[in-house]
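J.: Sharing a structure with you now.
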Number of protein chains: 2
Amino acid sequence: MIQFEVEANCGNSRAGTLQTPHGKIHTPIFMPVGTLGTVKGMTPEEVAEIGAEIILGNTYHLHLRPGDDLVKKMGGLHKFMNWHGPILTDSGGFQVFSLAKLLKLNEEGVEIRSHLDGTKIKLTPEISIAIQQNLGSTIMMCLDECLELPATRIEVERSIGLTARWAKRCKEARTKSRGVFGEQALFGIFQGGGELDLREQSLEQIVEIDFDGYAIGGLSVGESKEEMYRVAHHIAPKMPAEKPRYLMGVGDPEDLLEGIEAGIDMFDCVMPTRNARNGSLFTSRGKISIKQSRFQQDPEPLDPDCACSTCQNYSRAYLRHLFKSNEILGVRLNTYHNLFFYLSLVKGARAAIKQQRFSAFKKDFLEKYRSGLDGD
Amino acid sequence: MIQFEVEANCGNSRAGTLQTPHGKIHTPIFMPVGTLGTVKGMTPEEVAEIGAEIILGNTYHLHLRPGDDLVKKMGGLHKFMNWHGPILTDSGGFQVFSLAKLLKLNEEGVEIRSHLDGTKIKLTPEISIAIQQNLGSTIMMCLDECLELPATRIEVERSIGLTARWAKRCKEARTKSRGVFGEQALFGIFQGGGELDLREQSLEQIVEIDFDGYAIGGLSVGESKEEMYRVAHHIAPKMPAEKPRYLMGVGDPEDLLEGIEAGIDMFDCVMPTRNARNGSLFTSRGKISIKQSRFQQDPEPLDPDCACSTCQNYSRAYLRHLFKSNEILGVRLNTYHNLFFYLSLVKGARAAIKQQRFSAFKKDFLEKYRSGLDGD
């Protein structure tokens with residue numbers, strides 16, 4: 001189904017390859033988010049061009065629009081959206097607890113109201129797997145409970161128990177009925193908030209069930225960066241070394257480097273795409289807001305050190321003009337650049353790990369990144 | 001500067017080549033509209049890919065945003081937007097009379113309020129040429145008065161007089177001071193409403209001044225199709241045969257064929273791009289609205305007879321999903337297809353003219369086009 005191999009270690013960080021039925025993924029990797037069957041603003045060809053080897057689809061969103069039944073009828077998500085590389089689908093859990101209105105949460109699952117039109121929707125481990133089988137993703141995720149932080153220790157304890165029982169049901173659901181699109185891998189998610197011993201306990205419970213990969217859930221949900229780094233550095237090295245490790249919903253360039261240092265292999269985040277639409281752009285010298293008037297007459301490329309087509313062909317003045325005029329091309333060029341920046345970062349990290357110089361890579365990157373655009 | 005050659009005639013219709021400092025144009029040609037220095041939703045690479053050999057920029061819009069001074073500083077419109085093929089700029093006249101609030105119209109020119117922020121703007125023949133020289137377009141257009149139709153004969157008579165005097169001043173302005181971007185061609189525009197004798201009179205006055213090409217102005221401004229075709233068929237064959245003939249702001253696929261039959265070489269219209277954004281798509285079997293529920297589960301390509309990448313890679317169901325979800329990719333794929341459709345149409349017409357079978361081409365196209373999507 002999927003096969004993971006660690007090629008090199010450097011401290012806790014690792015460079016690996018993940019072979020899937022839809023193609024090979026070189027880790028560490030960043031997965032662009034394609035919420036509704038499209039990485040917003042990009043064609044699949046462009047997604048491949050910027051070096052993305054796997055994208056993420058949102059089970060909750062696709063269940064609502066266009067509906068997973070329709071996607072199944074149209075031949076699965078790969079065919080529907082014309083992306084033939086690996087796709088990871090989340091379980092819908094995160095959106096259920098963040099975006100929708102929660103009506104009921106019990107042992108069986110959750111009942112929610114859709115954020116779109118108020119329709120009542122039921123989500124259980126079995127339903128989540130069925131939806132992900134209709135979508136035909138390469139990697140499915142288990143339904144988990146995402147607690148809002150801060151939470152009391154008692155709440156966290158209750159929650160990891162439920163998450164483990166749901167994980168077991170997800171695995172059983174997959175074993176019982178295979179989807180029409182063939183074998184799909186399944187990753188387990190563990191929780192535990194900021195309590196390190198509960199994190200360990202949750203991880204142990206999930207690993208016990210045995211999955212194709214493991215994910216840290218419930219981080220980047222409002223806690224401080226220090227808190228997130230503390231948990232990641234503590235728990236990532238304890239995750240099974242022979243399986244891919246995924247830090248869900250993380251993060252900015254600094255978070256990625258920190259996660260990679262902790263031993264994480266996979267990341268996803270809406271930040272590069274969402275920020276791009278708001279004119280917030282990542283450069284090797286830090287984040288900039290392209291709408292600022294200082295760029296009005298600036299003939300320089302967005303990031304002179306970037307090899308992407310946006311930076312090769314357009315000036316900051318032009319990007320600012322497109323943004324101020326609400327031109328679609330602005331969103332396109334910004335998104336292309338931000339994703340290229342993220343994928344270049346993980347590619348650079350991978351090369352550094354293989355050359356046993358990840359610490360130096362991280363230090364150099366951050367020094368420049370924190371120096372600011374006018375740091376020359 | 002520019003050189004036009006008619007390669008083949010077929011009835012009144014012609015196939016030609018227009019050599020410009022920015023590249024060769026094969027006529028008849030359709031020019032996608034790039035209002036604000038971008039063909040909405042498309043990269044310049046894609047614009048070239050769909051077969052567009054020249055695009056149009058709007059002087060009025062670019063004067064307001066980002067400002068022609070800025071464009072000049074950034075190296076001209078070609079460099080600013082990274083389109084290195086020919087660009088035709090209009091004079092600003094059409095927007096002045098349609099979009100902005102007209103404050104004053106006299107012999108000297110017009111005073112208007114910007115539709116964006118109410119700023120007072122003056123436009124005279126000399127100012128229009130100066131702006132177009134700042135933009136550095138390949139072909140500039142003379143400032144003309146666009147009368148709203150219907151208009152009385154007396155109004156039309158007054159108007160063509162003013163248009164001729166303005167045309168003369170445009171030519172003098174260009175002769176007096178060359179822009180920083182080298183020689184730019186200048187086309188004259190004649191008016192005359194629906195009065196055929198006044199059309200002839202206006203044409204004569206404009207030809208007398210001697211321009212690099214001639215344009216029919218003041219059509220497709222609210223009159224009936226019959227009226228437009230009547231004027232075009234009457235006047236186009238009387239336009240100088242050795243110069244390019246341009247029918248401004250026209251039109252839908254039927255209008256293009258009618259214009260080509262009348263002897264027109266160049267067209268521009270926002271229809272393919274604007275319609276695309278509204279989900280109105282051109283197919284070889286007529287126009288469709290992609291949002292209709294009949295396409296919800298339709299796995300077929302938008303136009304099975306179309307060779308564009310949208311039709312090669314995506315289903316109607318997917319395009320409908322993108323449109324309903326307001327996804328940018330929907331606008332992109334729709335725009336790509338509609339422009340490809342337009343450019344394929346003029347390419348087909350050109351080939352037919354060279355093979356002396358334009359009438360049959362027109363008849364076949366329209367028969368199929370009017371048969372409807374479910375006409376099989």
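Note on naming: chains are A, B, ... as they come in the structure tokens, residues start from 1 per chain, ligands start from 1 in the order shown.
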Which residues of chain B have any atom within 6 Å of an atom in chain A when counting only C-alpha atoms, and what is the closest pair of atoms for each, with the distance in Å to one decimal? Order the rows by chain and rising number and write it as a Markdown table.
T.:
```
| residue | atom | partner | partner_atom | distance |
| --- | --- | --- | --- | --- |
| B:Gly41 | CA | A:Ile328 | CA | 5.0 |
| B:Ile328 | CA | A:Gly41 | CA | 5.0 |
| B:Leu329 | CA | A:Gly41 | CA | 5.2 |
```
J.: Can you tell me which residues surround Gly11 in chain B at a distance of at most 9 Å, considering only C-alpha atoms, apart from same-chain residues fewer than 3 positions away, and format the answer as a list in words?
T.: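 Everything that qualifies: Arg14, Glu261, Ala262, Gly263, Ile353, Gln356, Phe358 and Ser359 of chain B.
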J.: What's around range 135-145 of chain B at 6 Å? Count only C-alpha atoms, leave out sequence neighbours fewer than 3 positions away in its own chain, and write the answer as a list in words.
T.: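 Surrounding residues, per the criterion: Asp68, Lys72, Gly76, Leu77, Pro86, Ile87, Leu88, Thr89, Asp90, Ser91, Gly93, Pro125, Gln132, Thr163, Ala167, Cys170, Phe181, Gln184, Ala185, Leu186, Phe187 and Gly188 of chain B.
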J.: Can you work out which one of B:Ser309, B:Gln205, B:Gln19, B:Ser159 has the shortest atom-to-atom distance to Ile2 in chain B, counting only C-alpha atoms?
T.: B:Gln19
J.: List every residue of range 42-282 of chain A that DSSP, applied to the backbone of this structure, places in helix (DSSP H, G or I), and write the result as a CSV table (one decimal) with N, CA and C atoms, in the first residue's frame.
T.:
```
chain,number,residue,atom,x,y,z
A,44,PRO,N,-3.4,21.9,-11.2
A,44,PRO,CA,-2.6,20.8,-10.8
A,44,PRO,C,-1.2,20.8,-11.4
A,45,GLU,N,-1.1,21.2,-12.6
A,45,GLU,CA,0.2,21.3,-13.3
A,45,GLU,C,1.1,22.3,-12.5
A,46,GLU,N,0.5,23.4,-12.1
A,46,GLU,CA,1.3,24.3,-11.3
A,46,GLU,C,1.7,23.8,-10.0
A,47,VAL,N,0.8,23.1,-9.3
A,47,VAL,CA,1.1,22.5,-8.0
A,47,VAL,C,2.3,21.5,-8.2
A,48,ALA,N,2.3,20.8,-9.3
A,48,ALA,CA,3.4,19.8,-9.5
A,48,ALA,C,4.7,20.6,-9.8
A,49,GLU,N,4.5,21.7,-10.5
A,49,GLU,CA,5.7,22.5,-10.9
A,49,GLU,C,6.4,23.1,-9.7
A,59,THR,N,-12.1,16.6,4.0
A,59,THR,CA,-13.3,15.7,4.0
A,59,THR,C,-14.6,16.4,4.3
A,60,TYR,N,-14.6,17.2,5.4
A,60,TYR,CA,-15.8,18.0,5.7
A,60,TYR,C,-16.3,18.9,4.6
A,61,HIS,N,-15.3,19.6,4.0
A,61,HIS,CA,-15.7,20.6,3.0
A,61,HIS,C,-16.2,19.8,1.7
A,62,LEU,N,-15.5,18.8,1.4
A,62,LEU,CA,-15.9,18.0,0.1
A,62,LEU,C,-17.2,17.2,0.3
A,63,HIS,N,-17.4,16.8,1.6
A,63,HIS,CA,-18.7,16.2,1.9
A,63,HIS,C,-19.9,17.1,1.7
A,64,LEU,N,-19.7,18.4,2.0
A,64,LEU,CA,-20.7,19.4,1.8
A,64,LEU,C,-20.8,19.8,0.3
A,68,ASP,N,-19.4,13.9,-1.5
A,68,ASP,CA,-18.4,12.8,-1.8
A,68,ASP,C,-19.1,11.7,-2.7
A,69,ASP,N,-20.4,11.6,-2.7
A,69,ASP,CA,-21.1,10.7,-3.6
A,69,ASP,C,-20.9,11.1,-5.0
A,70,LEU,N,-21.0,12.5,-5.3
A,70,LEU,CA,-20.7,13.0,-6.6
A,70,LEU,C,-19.3,12.7,-7.0
A,71,VAL,N,-18.3,13.0,-6.1
A,71,VAL,CA,-16.9,12.8,-6.4
A,71,VAL,C,-16.7,11.3,-6.8
A,72,LYS,N,-17.3,10.4,-6.0
A,72,LYS,CA,-17.2,9.0,-6.3
A,72,LYS,C,-17.7,8.6,-7.7
A,73,LYS,N,-18.9,9.2,-8.0
A,73,LYS,CA,-19.5,8.9,-9.3
A,73,LYS,C,-18.6,9.5,-10.4
A,77,LEU,N,-11.6,11.6,-6.3
A,77,LEU,CA,-11.0,13.0,-6.3
A,77,LEU,C,-9.9,13.2,-7.2
A,78,HIS,N,-9.0,12.2,-7.4
A,78,HIS,CA,-7.9,12.3,-8.3
A,78,HIS,C,-8.4,12.7,-9.7
A,79,LYS,N,-9.3,11.9,-10.2
A,79,LYS,CA,-9.8,12.2,-11.6
A,79,LYS,C,-10.6,13.5,-11.6
A,80,PHE,N,-11.5,13.7,-10.6
A,80,PHE,CA,-12.4,14.9,-10.6
A,80,PHE,C,-11.5,16.1,-10.7
A,81,MET,N,-10.4,16.2,-9.9
A,81,MET,CA,-9.7,17.5,-9.9
A,81,MET,C,-8.4,17.4,-10.8
A,93,GLY,N,-12.6,16.0,11.3
A,93,GLY,CA,-12.7,16.3,12.7
A,93,GLY,C,-12.4,17.8,13.0
A,94,PHE,N,-11.3,18.2,12.4
A,94,PHE,CA,-10.9,19.6,12.8
A,94,PHE,C,-11.9,20.6,12.4
A,95,GLN,N,-12.5,20.5,11.2
A,95,GLN,CA,-13.6,21.5,10.8
A,95,GLN,C,-14.8,21.3,11.7
A,96,VAL,N,-15.1,20.1,12.1
A,96,VAL,CA,-16.3,19.8,12.9
A,96,VAL,C,-16.2,20.6,14.2
A,97,PHE,N,-15.0,20.7,14.8
A,97,PHE,CA,-14.8,21.3,16.1
A,97,PHE,C,-14.4,22.8,15.9
A,98,SER,N,-14.1,23.3,14.7
A,98,SER,CA,-13.7,24.7,14.6
A,98,SER,C,-14.7,25.5,13.8
A,125,PRO,N,-16.7,7.8,13.3
A,125,PRO,CA,-15.5,7.2,12.7
A,125,PRO,C,-15.9,6.5,11.4
A,126,GLU,N,-17.0,5.7,11.4
A,126,GLU,CA,-17.4,4.9,10.2
A,126,GLU,C,-17.8,5.8,9.1
A,127,ILE,N,-18.5,6.9,9.4
A,127,ILE,CA,-18.9,7.8,8.3
A,127,ILE,C,-17.7,8.5,7.7
A,128,SER,N,-16.8,8.9,8.6
A,128,SER,CA,-15.6,9.6,8.1
A,128,SER,C,-14.8,8.7,7.1
A,129,ILE,N,-14.6,7.5,7.5
A,129,ILE,CA,-13.9,6.5,6.6
A,129,ILE,C,-14.7,6.3,5.3
A,130,ALA,N,-16.0,6.2,5.4
A,130,ALA,CA,-16.8,6.0,4.2
A,130,ALA,C,-16.7,7.2,3.2
A,131,ILE,N,-16.7,8.4,3.8
A,131,ILE,CA,-16.5,9.6,2.9
A,131,ILE,C,-15.2,9.5,2.3
A,132,GLN,N,-14.1,9.3,3.1
A,132,GLN,CA,-12.8,9.3,2.5
A,132,GLN,C,-12.6,8.1,1.5
A,133,GLN,N,-13.3,7.1,1.7
A,133,GLN,CA,-13.3,6.0,0.6
A,133,GLN,C,-14.0,6.4,-0.6
A,134,ASN,N,-15.1,7.2,-0.5
A,134,ASN,CA,-15.7,7.8,-1.7
A,134,ASN,C,-14.8,8.7,-2.4
A,135,LEU,N,-14.0,9.5,-1.6
A,135,LEU,CA,-13.1,10.4,-2.3
A,135,LEU,C,-11.9,9.7,-2.9
A,153,ARG,N,-6.8,19.0,32.7
A,153,ARG,CA,-6.2,17.7,32.6
A,153,ARG,C,-7.3,16.6,32.5
A,154,ILE,N,-8.4,16.8,33.2
A,154,ILE,CA,-9.5,15.8,33.2
A,154,ILE,C,-10.1,15.8,31.8
A,155,GLU,N,-10.3,16.9,31.2
A,155,GLU,CA,-10.9,17.0,29.9
A,155,GLU,C,-10.0,16.3,28.9
A,156,VAL,N,-8.7,16.6,29.0
A,156,VAL,CA,-7.7,16.0,28.1
A,156,VAL,C,-7.7,14.5,28.2
A,157,GLU,N,-7.8,14.0,29.5
A,157,GLU,CA,-7.8,12.5,29.7
A,157,GLU,C,-9.0,11.9,29.1
A,158,ARG,N,-10.2,12.5,29.3
A,158,ARG,CA,-11.4,11.9,28.7
A,158,ARG,C,-11.2,11.9,27.2
A,159,SER,N,-10.7,13.0,26.7
A,159,SER,CA,-10.7,13.2,25.2
A,159,SER,C,-9.7,12.1,24.5
A,160,ILE,N,-8.6,11.9,25.1
A,160,ILE,CA,-7.7,10.9,24.5
A,160,ILE,C,-8.3,9.5,24.5
A,161,GLY,N,-9.0,9.2,25.5
A,161,GLY,CA,-9.7,7.9,25.5
A,161,GLY,C,-10.7,7.8,24.4
A,162,LEU,N,-11.5,8.8,24.2
A,162,LEU,CA,-12.5,8.8,23.1
A,162,LEU,C,-11.7,8.7,21.7
A,163,THR,N,-10.7,9.5,21.6
A,163,THR,CA,-9.9,9.5,20.4
A,163,THR,C,-9.4,8.1,20.0
A,164,ALA,N,-8.9,7.4,21.1
A,164,ALA,CA,-8.4,6.1,20.8
A,164,ALA,C,-9.5,5.1,20.4
A,165,ARG,N,-10.6,5.2,21.1
A,165,ARG,CA,-11.7,4.3,20.7
A,165,ARG,C,-12.2,4.6,19.3
A,166,TRP,N,-12.3,5.9,18.9
A,166,TRP,CA,-12.7,6.2,17.6
A,166,TRP,C,-11.6,5.7,16.5
A,167,ALA,N,-10.3,5.8,16.9
A,167,ALA,CA,-9.3,5.4,16.0
A,167,ALA,C,-9.4,3.9,15.7
A,168,LYS,N,-9.8,3.1,16.8
A,168,LYS,CA,-10.0,1.7,16.6
A,168,LYS,C,-11.1,1.4,15.6
A,169,ARG,N,-12.2,2.2,15.8
A,169,ARG,CA,-13.4,2.0,14.9
A,169,ARG,C,-13.0,2.4,13.5
A,170,CYS,N,-12.2,3.4,13.3
A,170,CYS,CA,-11.8,3.8,12.0
A,170,CYS,C,-11.1,2.7,11.3
A,171,LYS,N,-10.1,2.1,12.0
A,171,LYS,CA,-9.4,1.0,11.4
A,171,LYS,C,-10.3,-0.2,11.1
A,172,GLU,N,-11.2,-0.5,12.0
A,172,GLU,CA,-12.1,-1.6,11.8
A,172,GLU,C,-13.0,-1.3,10.6
A,173,ALA,N,-13.4,-0.1,10.4
A,173,ALA,CA,-14.3,0.3,9.3
A,173,ALA,C,-13.6,0.1,8.0
A,174,ARG,N,-12.3,0.5,8.0
A,174,ARG,CA,-11.5,0.3,6.8
A,174,ARG,C,-11.3,-1.2,6.5
A,175,THR,N,-11.1,-2.0,7.5
A,175,THR,CA,-10.8,-3.4,7.3
A,175,THR,C,-12.1,-4.1,6.8
A,176,LYS,N,-13.2,-3.6,7.3
A,176,LYS,CA,-14.5,-4.3,6.9
A,176,LYS,C,-14.9,-4.0,5.5
A,196,LEU,N,2.6,16.5,28.7
A,196,LEU,CA,3.5,15.6,28.0
A,196,LEU,C,3.2,14.1,28.3
A,197,ASP,N,2.8,13.8,29.5
A,197,ASP,CA,2.6,12.4,29.9
A,197,ASP,C,1.3,11.9,29.2
A,198,LEU,N,0.3,12.8,29.0
A,198,LEU,CA,-0.9,12.4,28.3
A,198,LEU,C,-0.6,12.2,26.8
A,199,ARG,N,0.2,13.1,26.3
A,199,ARG,CA,0.7,12.9,24.9
A,199,ARG,C,1.3,11.5,24.7
A,200,GLU,N,2.2,11.1,25.6
A,200,GLU,CA,2.8,9.8,25.5
A,200,GLU,C,1.8,8.7,25.6
A,201,GLN,N,0.8,8.9,26.5
A,201,GLN,CA,-0.2,7.9,26.7
A,201,GLN,C,-1.1,7.7,25.5
A,202,SER,N,-1.5,8.9,24.9
A,202,SER,CA,-2.3,8.9,23.7
A,202,SER,C,-1.5,8.2,22.5
A,203,LEU,N,-0.3,8.6,22.4
A,203,LEU,CA,0.6,8.0,21.3
A,203,LEU,C,0.6,6.5,21.4
A,204,GLU,N,0.8,6.1,22.7
A,204,GLU,CA,0.9,4.6,22.9
A,204,GLU,C,-0.3,3.9,22.5
A,205,GLN,N,-1.5,4.5,22.9
A,205,GLN,CA,-2.8,3.9,22.6
A,205,GLN,C,-3.0,3.8,21.1
A,206,ILE,N,-2.6,4.8,20.4
A,206,ILE,CA,-2.8,4.9,18.9
A,206,ILE,C,-1.9,3.9,18.2
A,207,VAL,N,-0.6,3.9,18.7
A,207,VAL,CA,0.4,3.0,18.1
A,207,VAL,C,0.0,1.5,18.3
A,208,GLU,N,-0.6,1.3,19.4
A,208,GLU,CA,-1.1,-0.1,19.8
A,208,GLU,C,-2.0,-0.6,18.7
A,209,ILE,N,-2.9,0.3,18.1
A,209,ILE,CA,-3.8,-0.1,17.1
A,209,ILE,C,-3.1,-0.4,15.8
A,225,LYS,N,3.8,29.5,20.5
A,225,LYS,CA,4.8,28.8,19.7
A,225,LYS,C,5.7,27.9,20.7
A,226,GLU,N,6.1,28.5,21.8
A,226,GLU,CA,6.9,27.8,22.8
A,226,GLU,C,6.3,26.4,23.2
A,227,GLU,N,5.0,26.5,23.5
A,227,GLU,CA,4.2,25.4,23.9
A,227,GLU,C,4.2,24.3,22.8
A,228,MET,N,3.9,24.8,21.6
A,228,MET,CA,3.9,23.8,20.4
A,228,MET,C,5.3,23.2,20.2
A,229,TYR,N,6.3,24.0,20.3
A,229,TYR,CA,7.7,23.4,20.1
A,229,TYR,C,8.0,22.5,21.2
A,230,ARG,N,7.6,22.8,22.4
A,230,ARG,CA,7.9,21.9,23.6
A,230,ARG,C,7.3,20.6,23.4
A,231,VAL,N,6.0,20.6,23.0
A,231,VAL,CA,5.3,19.3,22.8
A,231,VAL,C,6.0,18.5,21.6
A,232,ALA,N,6.2,19.2,20.5
A,232,ALA,CA,6.7,18.6,19.3
A,232,ALA,C,8.1,17.9,19.6
A,233,HIS,N,9.0,18.7,20.2
A,233,HIS,CA,10.3,18.2,20.5
A,233,HIS,C,10.3,17.0,21.5
A,234,HIS,N,9.3,17.0,22.4
A,234,HIS,CA,9.2,15.9,23.3
A,234,HIS,C,8.7,14.7,22.7
A,235,ILE,N,7.6,14.8,21.9
A,235,ILE,CA,6.9,13.7,21.4
A,235,ILE,C,7.3,13.1,20.1
A,236,ALA,N,7.7,14.0,19.2
A,236,ALA,CA,8.1,13.5,17.8
A,236,ALA,C,9.1,12.3,17.8
A,237,PRO,N,10.2,12.5,18.6
A,237,PRO,CA,11.2,11.4,18.6
A,237,PRO,C,10.7,10.1,19.2
A,238,LYS,N,9.6,10.2,19.9
A,238,LYS,CA,9.0,9.0,20.5
A,238,LYS,C,8.0,8.3,19.5
A,253,PRO,N,7.1,29.2,8.3
A,253,PRO,CA,8.5,28.6,8.0
A,253,PRO,C,9.3,28.3,9.2
A,254,GLU,N,9.2,29.1,10.2
A,254,GLU,CA,9.9,28.7,11.5
A,254,GLU,C,9.4,27.5,12.1
A,255,ASP,N,8.0,27.3,12.1
A,255,ASP,CA,7.4,26.1,12.7
A,255,ASP,C,7.9,24.9,11.9
A,256,LEU,N,8.0,25.0,10.6
A,256,LEU,CA,8.4,23.8,9.8
A,256,LEU,C,9.8,23.4,10.2
A,257,LEU,N,10.7,24.4,10.3
A,257,LEU,CA,12.1,24.0,10.6
A,257,LEU,C,12.1,23.4,12.0
A,258,GLU,N,11.3,23.9,12.9
A,258,GLU,CA,11.3,23.4,14.3
A,258,GLU,C,10.8,22.0,14.3
A,259,GLY,N,9.7,21.8,13.5
A,259,GLY,CA,9.1,20.4,13.4
A,259,GLY,C,10.1,19.4,12.8
A,260,ILE,N,10.8,19.9,11.7
A,260,ILE,CA,11.7,19.0,11.0
A,260,ILE,C,12.8,18.6,12.0
A,261,GLU,N,13.3,19.6,12.8
A,261,GLU,CA,14.3,19.3,13.8
A,261,GLU,C,13.9,18.3,14.8
A,262,ALA,N,12.6,18.3,15.1
A,262,ALA,CA,12.0,17.4,16.1
A,262,ALA,C,11.8,16.0,15.5
A,271,MET,N,-1.6,28.4,5.5
A,271,MET,CA,-0.9,29.7,5.5
A,271,MET,C,-0.3,30.2,4.2
A,272,PRO,N,0.4,29.4,3.5
A,272,PRO,CA,1.0,30.0,2.2
A,272,PRO,C,-0.1,30.4,1.2
A,273,THR,N,-1.1,29.6,1.1
A,273,THR,CA,-2.2,29.9,0.2
A,273,THR,C,-3.1,31.1,0.7
A,274,ARG,N,-3.5,31.0,1.9
A,274,ARG,CA,-4.4,32.0,2.4
A,274,ARG,C,-3.7,33.3,2.5
A,275,ASN,N,-2.5,33.3,3.1
A,275,ASN,CA,-1.7,34.6,3.1
A,275,ASN,C,-1.6,35.2,1.7
A,276,ALA,N,-1.3,34.4,0.7
A,276,ALA,CA,-1.1,34.9,-0.6
A,276,ALA,C,-2.3,35.7,-1.1
A,277,ARG,N,-3.5,35.2,-0.8
A,277,ARG,CA,-4.7,35.9,-1.2
A,277,ARG,C,-4.9,37.2,-0.4
```
J.: Quick one: residues within 10 Å of Leu219 in chain A, only C-alpha atoms, excluding same-chain residues fewer than 4 positions away - as a PyMOL selection string?
T.: chain A and resi 146-149+191-194+223-225+227-229+231-232+247-251
J.: Using only C-alpha atoms, determine which residues lie at most 10 Å from Asp305 in chain A, disregarding the query and same-chain residues fewer than 6 positions distant; provide the list as a ChimeraX atom specification.
T.: /A:283-285,311-312
J.: Just the selected residues (C-alpha atoms), exported as a compact mmCIF listing (two decimals), in the first residue's frame, please.
T.:
```
# COMPACT_ATOMS: atom_id res chain seq x y z
CA THR A 283 10.53 35.93 1.22
CA SER A 284 13.97 34.74 2.20
CA ARG A 285 14.20 37.95 4.24
CA CYS A 311 10.01 36.40 -9.08
CA GLN A 312 11.59 35.81 -12.48
```
J.: If you count only C-alpha atoms, which residues fall within 6 Å of Pro28 in chain A, apart from same-chain ones fewer than 3 positions away, as a PyMOL selection string?
T.: chain A and resi 265-266+346
J.: Quick one: write out the picked residues with C-alpha atoms as a PDB file, in the first residue's frame?
T.:
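The result, written out as part_16.pdb:
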```
ATOM      1  CA  ASP A 265       8.191  14.225   8.055  1.00  0.00           C
ATOM      2  CA  MET A 266       4.938  15.799   6.870  1.00  0.00           C
ATOM      3  CA  VAL A 346      11.463  21.616   2.823  1.00  0.00           C
TER       4      VAL A 346
END
```
J.: Within range 89-171 of chain B, find each residue whose DSSP state, derived from the backbone, is strand (DSSP E), and express the selection as an NGL selection string.
T.: :B and (89 or 101-105 or 110-113 or 120-123 or 139-141)
J.: Using only C-alpha atoms, find the one residue out of A:Ala351, A:Ile54, A:Ala215, A:Ile121 that sits nearest to Ala8 in chain A.
T.: A:Ala351
J.: If I take CA of Cys308 in chain B and CA of Thr335 in chain A, how far is one from the other in Å, to one decimal?
T.: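 Computed distance, CA of Cys308 in chain B to CA of Thr335 in chain A, equals 23.9 Å.
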J.: Would you compute the distance between CA of Lys347 in chain B and CA of Ala52 in chain B? Give it in Å to one decimal.
T.: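 Calculated distance between CA of Lys347 in chain B and CA of Ala52 in chain B is 10.1 Å.
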